[in-house]
Amino acid sequence: MEKKIQQAQALIQEAKFDGWLLYDWQAINPLALKFLEAKPGSRRFFYFIPQKGECIKLVHQIEQGVLDHLPGEKRVYLSYGQLENALKELLKDAKTIAMETSEKNRLPYVSKVDAGTIDLIRSFDVDVTSSAYLILPFETLNDRAFELHKEAMHLLEQCVQGAKKLIKAGGMDEYAIQQWILKEFEKHDMVTHFPPIVAVNSNAADPHYFPNKEKTTPIQPKDFVLIDLWCKKNQGGIYADITQVLVFDSAPTKRMQEIFAIVKAAQQAAIDLIQSYLAKGATIKGYEVDQAARKVITDAGFGKYFFHRLGHNIDENDHGSGTHLDSLETFDDRPLIKRTLFSIEPGIYIPGEIGVRLECNAWIDDDNQLIITGGLQDAIFTI
């Protein structure tokens, strides 16, 4: 932990902040808990990492040991008045500090501290800025985590192949395929936070269409099918998340091919842009990748039918807290960095007709190379 604190102080110095104030109450700030390797408590705690010098722990009298595993001076409060006075004293020499917030909530992935706490800190004439750039280097994955991701990816791709065989055999509907996939997850000790998407024809025009026992469509010859599935190992796993499309026929229609080709070109534009920046050793930011892919779809005349971000960070959560490929729903100006995973998933959704989304996962390795870990699709699968 000492090494992690030293790394954080170097980042604080580089950003010209006076410190980083990590705060939690009843698990509202998972980013702080993860960084501090701490368990949530029932009372508020604060951990201040100054630009230089000793860290300070501020804990409630009833839970004095909650941060005992961390270095630094421990200060104890009881009443809310004592807490406010202790914070004022702790920050008396600070002008600008970082917390888990973001300007205008542009990055909700890191906006974890409540507005009242931010107001309290600002009442001490301290400017509060976002810790987004401080957190990012600590959101990287180790070799074991990457292997767990690849294990999950292998199963997802196997499930798509298995679904194709079931559809070919006939008599299937959306819900039946979804439930078969879930049983495959369970068989291989994988879990998911939500069931897979299996969407036929115009149902695929809803990006978050989920069939259920009462709402399901039979899969018949000539039907177009979109399958979006994600999972991770039950204990300590890292997610994989892909979307692939197929047609229950010997060949797709011209319309299917037209939409697929545009979405595929958008995905390739994103991949090409990231690779070009990495090859130059240049910094590429999440919003820039989204804009590049979105331009392809917009230039083709389908911009209004692409109404979600291009991709999301992936870690132990399917939508992680690292850099997202987004200039639409949020504005993610954080860089893509080594040892992080993310999805690249452009889509076109035409209500009442069709929806095509292509989702692959990507990893930036230690050599600054972009590795596609799975999910790439060069043509619509046929059955």
# chains A, B, ... in the order shown; residues from 1 in each chain; ligands from 1

call {"tool": "select_by_dssp", "arguments": {"residues": "range 299-339 of chain A", "states": "helix (DSSP H, G or I)", "output": "list in words"}}
result
Asp299, Gly303, Lys304 and Tyr305 of chain A

call {"tool": "closest_atom_pairs", "arguments": {"of": "range 350-372 of chain A", "to": "range 137-148 of chain A", "cutoff": "12 Å", "atoms": "only C-alpha atoms", "output": "Markdown table"}}
result
| residue | atom | partner | partner_atom | distance |
| --- | --- | --- | --- | --- |
| A:Asn361 | CA | A:Phe146 | CA | 11.8 |
| A:Ala362 | CA | A:Phe146 | CA | 11.0 |
| A:Trp363 | CA | A:Phe146 | CA | 8.8 |
| A:Ile364 | CA | A:Thr140 | CA | 10.2 |
| A:Asp365 | CA | A:Phe146 | CA | 10.1 |
| A:Asp366 | CA | A:Asp143 | CA | 10.6 |
| A:Ile371 | CA | A:Phe146 | CA | 11.5 |

call {"tool": "write_last_selection", "arguments": {"atoms": "C-alpha atoms", "output": "PDB file, in the first residue's frame"}}
result
ATOM      1  CA  ASN A 361     -13.370  -6.325 -26.873  1.00  0.00           C
ATOM      2  CA  ALA A 362      -9.937  -4.707 -27.004  1.00  0.00           C
ATOM      3  CA  TRP A 363      -6.869  -4.690 -24.754  1.00  0.00           C
ATOM      4  CA  ILE A 364      -3.828  -2.415 -24.817  1.00  0.00           C
ATOM      5  CA  ASP A 365      -0.782  -4.467 -23.877  1.00  0.00           C
ATOM      6  CA  ASP A 366       2.550  -3.519 -22.291  1.00  0.00           C
ATOM      7  CA  ILE A 371      -5.188  -6.584 -29.104  1.00  0.00           C
TER       8      ILE A 371
END

call {"tool": "residues_around", "arguments": {"residues": "range 195-209 of chain A", "least_positions_apart": "6", "cutoff": "6 Å", "atoms": "only C-alpha atoms", "output": "count of residues only"}}
result
15

call {"tool": "atom_distance", "arguments": {"atom1": "CA of Thr340 in chain A", "atom2": "CA of Asp241 in chain A"}}
result
14.3 Å

call {"tool": "select_by_dssp", "arguments": {"residues": "range 29-199 of chain A", "states": "strand (DSSP E)", "output": "list in words"}}
result
Phe45, Phe46, Tyr47, Phe48, Ile49, Pro50, Ile56, Lys57, Leu58, Val59, His60, Glu73, Lys74, Arg75, Val76, Tyr77, Thr96, Ile97, Ala98, Met99, Asp127, Val128, Thr129, Ser130, Met190, Val191, Ile197, Val198 and Ala199 of chain A

call {"tool": "write_last_selection", "arguments": {"atoms": "N, CA and C atoms", "output": "PDB file, in the first residue's frame"}}
result
ATOM      1  N   PHE A  45     -16.005   7.922   6.688  1.00  0.00           N
ATOM      2  CA  PHE A  45     -14.559   8.045   6.893  1.00  0.00           C
ATOM      3  C   PHE A  45     -13.935   8.817   5.736  1.00  0.00           C
ATOM      4  N   PHE A  46     -12.792   9.431   6.033  1.00  0.00           N
ATOM      5  CA  PHE A  46     -12.027  10.184   5.040  1.00  0.00           C
ATOM      6  C   PHE A  46     -10.564   9.753   5.128  1.00  0.00           C
ATOM      7  N   TYR A  47      -9.912   9.762   3.963  1.00  0.00           N
ATOM      8  CA  TYR A  47      -8.473   9.474   3.921  1.00  0.00           C
ATOM      9  C   TYR A  47      -7.838  10.510   3.019  1.00  0.00           C
ATOM     10  N   PHE A  48      -6.962  11.303   3.602  1.00  0.00           N
ATOM     11  CA  PHE A  48      -6.359  12.410   2.851  1.00  0.00           C
ATOM     12  C   PHE A  48      -4.923  12.070   2.481  1.00  0.00           C
ATOM     13  N   ILE A  49      -4.659  12.102   1.170  1.00  0.00           N
ATOM     14  CA  ILE A  49      -3.300  11.903   0.653  1.00  0.00           C
ATOM     15  C   ILE A  49      -2.786  13.270   0.217  1.00  0.00           C
ATOM     16  N   PRO A  50      -1.869  13.852   0.968  1.00  0.00           N
ATOM     17  CA  PRO A  50      -1.334  15.161   0.579  1.00  0.00           C
ATOM     18  C   PRO A  50      -0.324  15.027  -0.550  1.00  0.00           C
ATOM     19  N   ILE A  56      -3.520  11.264   6.300  1.00  0.00           N
ATOM     20  CA  ILE A  56      -4.340  11.433   7.501  1.00  0.00           C
ATOM     21  C   ILE A  56      -5.630  10.649   7.355  1.00  0.00           C
ATOM     22  N   LYS A  57      -5.948   9.871   8.386  1.00  0.00           N
ATOM     23  CA  LYS A  57      -7.188   9.101   8.452  1.00  0.00           C
ATOM     24  C   LYS A  57      -8.153   9.793   9.403  1.00  0.00           C
ATOM     25  N   LEU A  58      -9.381   9.988   8.951  1.00  0.00           N
ATOM     26  CA  LEU A  58     -10.408  10.587   9.794  1.00  0.00           C
ATOM     27  C   LEU A  58     -11.556   9.585   9.903  1.00  0.00           C
ATOM     28  N   VAL A  59     -11.738   9.014  11.096  1.00  0.00           N
ATOM     29  CA  VAL A  59     -12.693   7.914  11.283  1.00  0.00           C
ATOM     30  C   VAL A  59     -13.602   8.190  12.476  1.00  0.00           C
ATOM     31  N   HIS A  60     -14.751   7.537  12.485  1.00  0.00           N
ATOM     32  CA  HIS A  60     -15.710   7.702  13.582  1.00  0.00           C
ATOM     33  C   HIS A  60     -15.285   6.868  14.788  1.00  0.00           C
ATOM     34  N   GLU A  73      -1.513   9.204  10.021  1.00  0.00           N
ATOM     35  CA  GLU A  73      -2.015   9.602  11.337  1.00  0.00           C
ATOM     36  C   GLU A  73      -3.523   9.372  11.411  1.00  0.00           C
ATOM     37  N   LYS A  74      -3.980   8.849  12.556  1.00  0.00           N
ATOM     38  CA  LYS A  74      -5.414   8.619  12.731  1.00  0.00           C
ATOM     39  C   LYS A  74      -6.018   9.702  13.615  1.00  0.00           C
ATOM     40  N   ARG A  75      -7.094  10.306  13.130  1.00  0.00           N
ATOM     41  CA  ARG A  75      -7.856  11.269  13.903  1.00  0.00           C
ATOM     42  C   ARG A  75      -9.282  10.748  14.038  1.00  0.00           C
ATOM     43  N   VAL A  76      -9.852  10.924  15.210  1.00  0.00           N
ATOM     44  CA  VAL A  76     -11.158  10.334  15.520  1.00  0.00           C
ATOM     45  C   VAL A  76     -12.173  11.440  15.820  1.00  0.00           C
ATOM     46  N   TYR A  77     -13.392  11.291  15.260  1.00  0.00           N
ATOM     47  CA  TYR A  77     -14.474  12.232  15.543  1.00  0.00           C
ATOM     48  C   TYR A  77     -15.666  11.476  16.111  1.00  0.00           C
ATOM     49  N   THR A  96      -6.588  23.384  -3.519  1.00  0.00           N
ATOM     50  CA  THR A  96      -7.275  22.549  -4.507  1.00  0.00           C
ATOM     51  C   THR A  96      -7.058  21.082  -4.159  1.00  0.00           C
ATOM     52  N   ILE A  97      -8.146  20.345  -4.035  1.00  0.00           N
ATOM     53  CA  ILE A  97      -8.040  18.906  -3.775  1.00  0.00           C
ATOM     54  C   ILE A  97      -8.907  18.145  -4.773  1.00  0.00           C
ATOM     55  N   ALA A  98      -8.591  16.879  -4.939  1.00  0.00           N
ATOM     56  CA  ALA A  98      -9.355  16.007  -5.825  1.00  0.00           C
ATOM     57  C   ALA A  98     -10.283  15.116  -5.010  1.00  0.00           C
ATOM     58  N   MET A  99     -11.468  14.898  -5.547  1.00  0.00           N
ATOM     59  CA  MET A  99     -12.421  13.940  -4.975  1.00  0.00           C
ATOM     60  C   MET A  99     -13.132  13.246  -6.135  1.00  0.00           C
ATOM     61  N   ASP A 127     -11.058  24.433  -3.262  1.00  0.00           N
ATOM     62  CA  ASP A 127     -11.605  24.068  -4.567  1.00  0.00           C
ATOM     63  C   ASP A 127     -11.563  22.554  -4.716  1.00  0.00           C
ATOM     64  N   VAL A 128     -12.680  21.967  -5.137  1.00  0.00           N
ATOM     65  CA  VAL A 128     -12.766  20.523  -5.334  1.00  0.00           C
ATOM     66  C   VAL A 128     -12.813  20.232  -6.824  1.00  0.00           C
ATOM     67  N   THR A 129     -11.890  19.414  -7.291  1.00  0.00           N
ATOM     68  CA  THR A 129     -11.842  19.029  -8.697  1.00  0.00           C
ATOM     69  C   THR A 129     -11.917  17.502  -8.812  1.00  0.00           C
ATOM     70  N   SER A 130     -12.024  17.007 -10.024  1.00  0.00           N
ATOM     71  CA  SER A 130     -12.230  15.575 -10.230  1.00  0.00           C
ATOM     72  C   SER A 130     -10.942  14.776 -10.046  1.00  0.00           C
ATOM     73  N   MET A 190     -19.711 -19.482 -14.637  1.00  0.00           N
ATOM     74  CA  MET A 190     -19.702 -18.079 -15.028  1.00  0.00           C
ATOM     75  C   MET A 190     -20.982 -17.408 -14.528  1.00  0.00           C
ATOM     76  N   VAL A 191     -20.904 -16.095 -14.333  1.00  0.00           N
ATOM     77  CA  VAL A 191     -22.064 -15.330 -13.883  1.00  0.00           C
ATOM     78  C   VAL A 191     -22.239 -14.112 -14.779  1.00  0.00           C
ATOM     79  N   ILE A 197     -29.134 -10.636 -24.391  1.00  0.00           N
ATOM     80  CA  ILE A 197     -30.112 -10.127 -25.350  1.00  0.00           C
ATOM     81  C   ILE A 197     -30.157 -11.076 -26.538  1.00  0.00           C
ATOM     82  N   VAL A 198     -31.330 -11.545 -26.871  1.00  0.00           N
ATOM     83  CA  VAL A 198     -31.554 -12.305 -28.101  1.00  0.00           C
ATOM     84  C   VAL A 198     -32.730 -11.625 -28.780  1.00  0.00           C
ATOM     85  N   ALA A 199     -32.494 -11.011 -29.934  1.00  0.00           N
ATOM     86  CA  ALA A 199     -33.510 -10.153 -30.560  1.00  0.00           C
ATOM     87  C   ALA A 199     -33.666 -10.498 -32.031  1.00  0.00           C
TER      88      ALA A 199
END

call {"tool": "atom_distance", "arguments": {"atom1": "CA of Cys231 in chain A", "atom2": "CA of Asp315 in chain A"}}
result
11.2 Å

call {"tool": "closest_residue", "arguments": {"among": "A:Ala270, A:Asp290, A:Trp20, A:Pro221", "to": "Cys55 in chain A", "atoms": "only C-alpha atoms"}}
result
A:Trp20
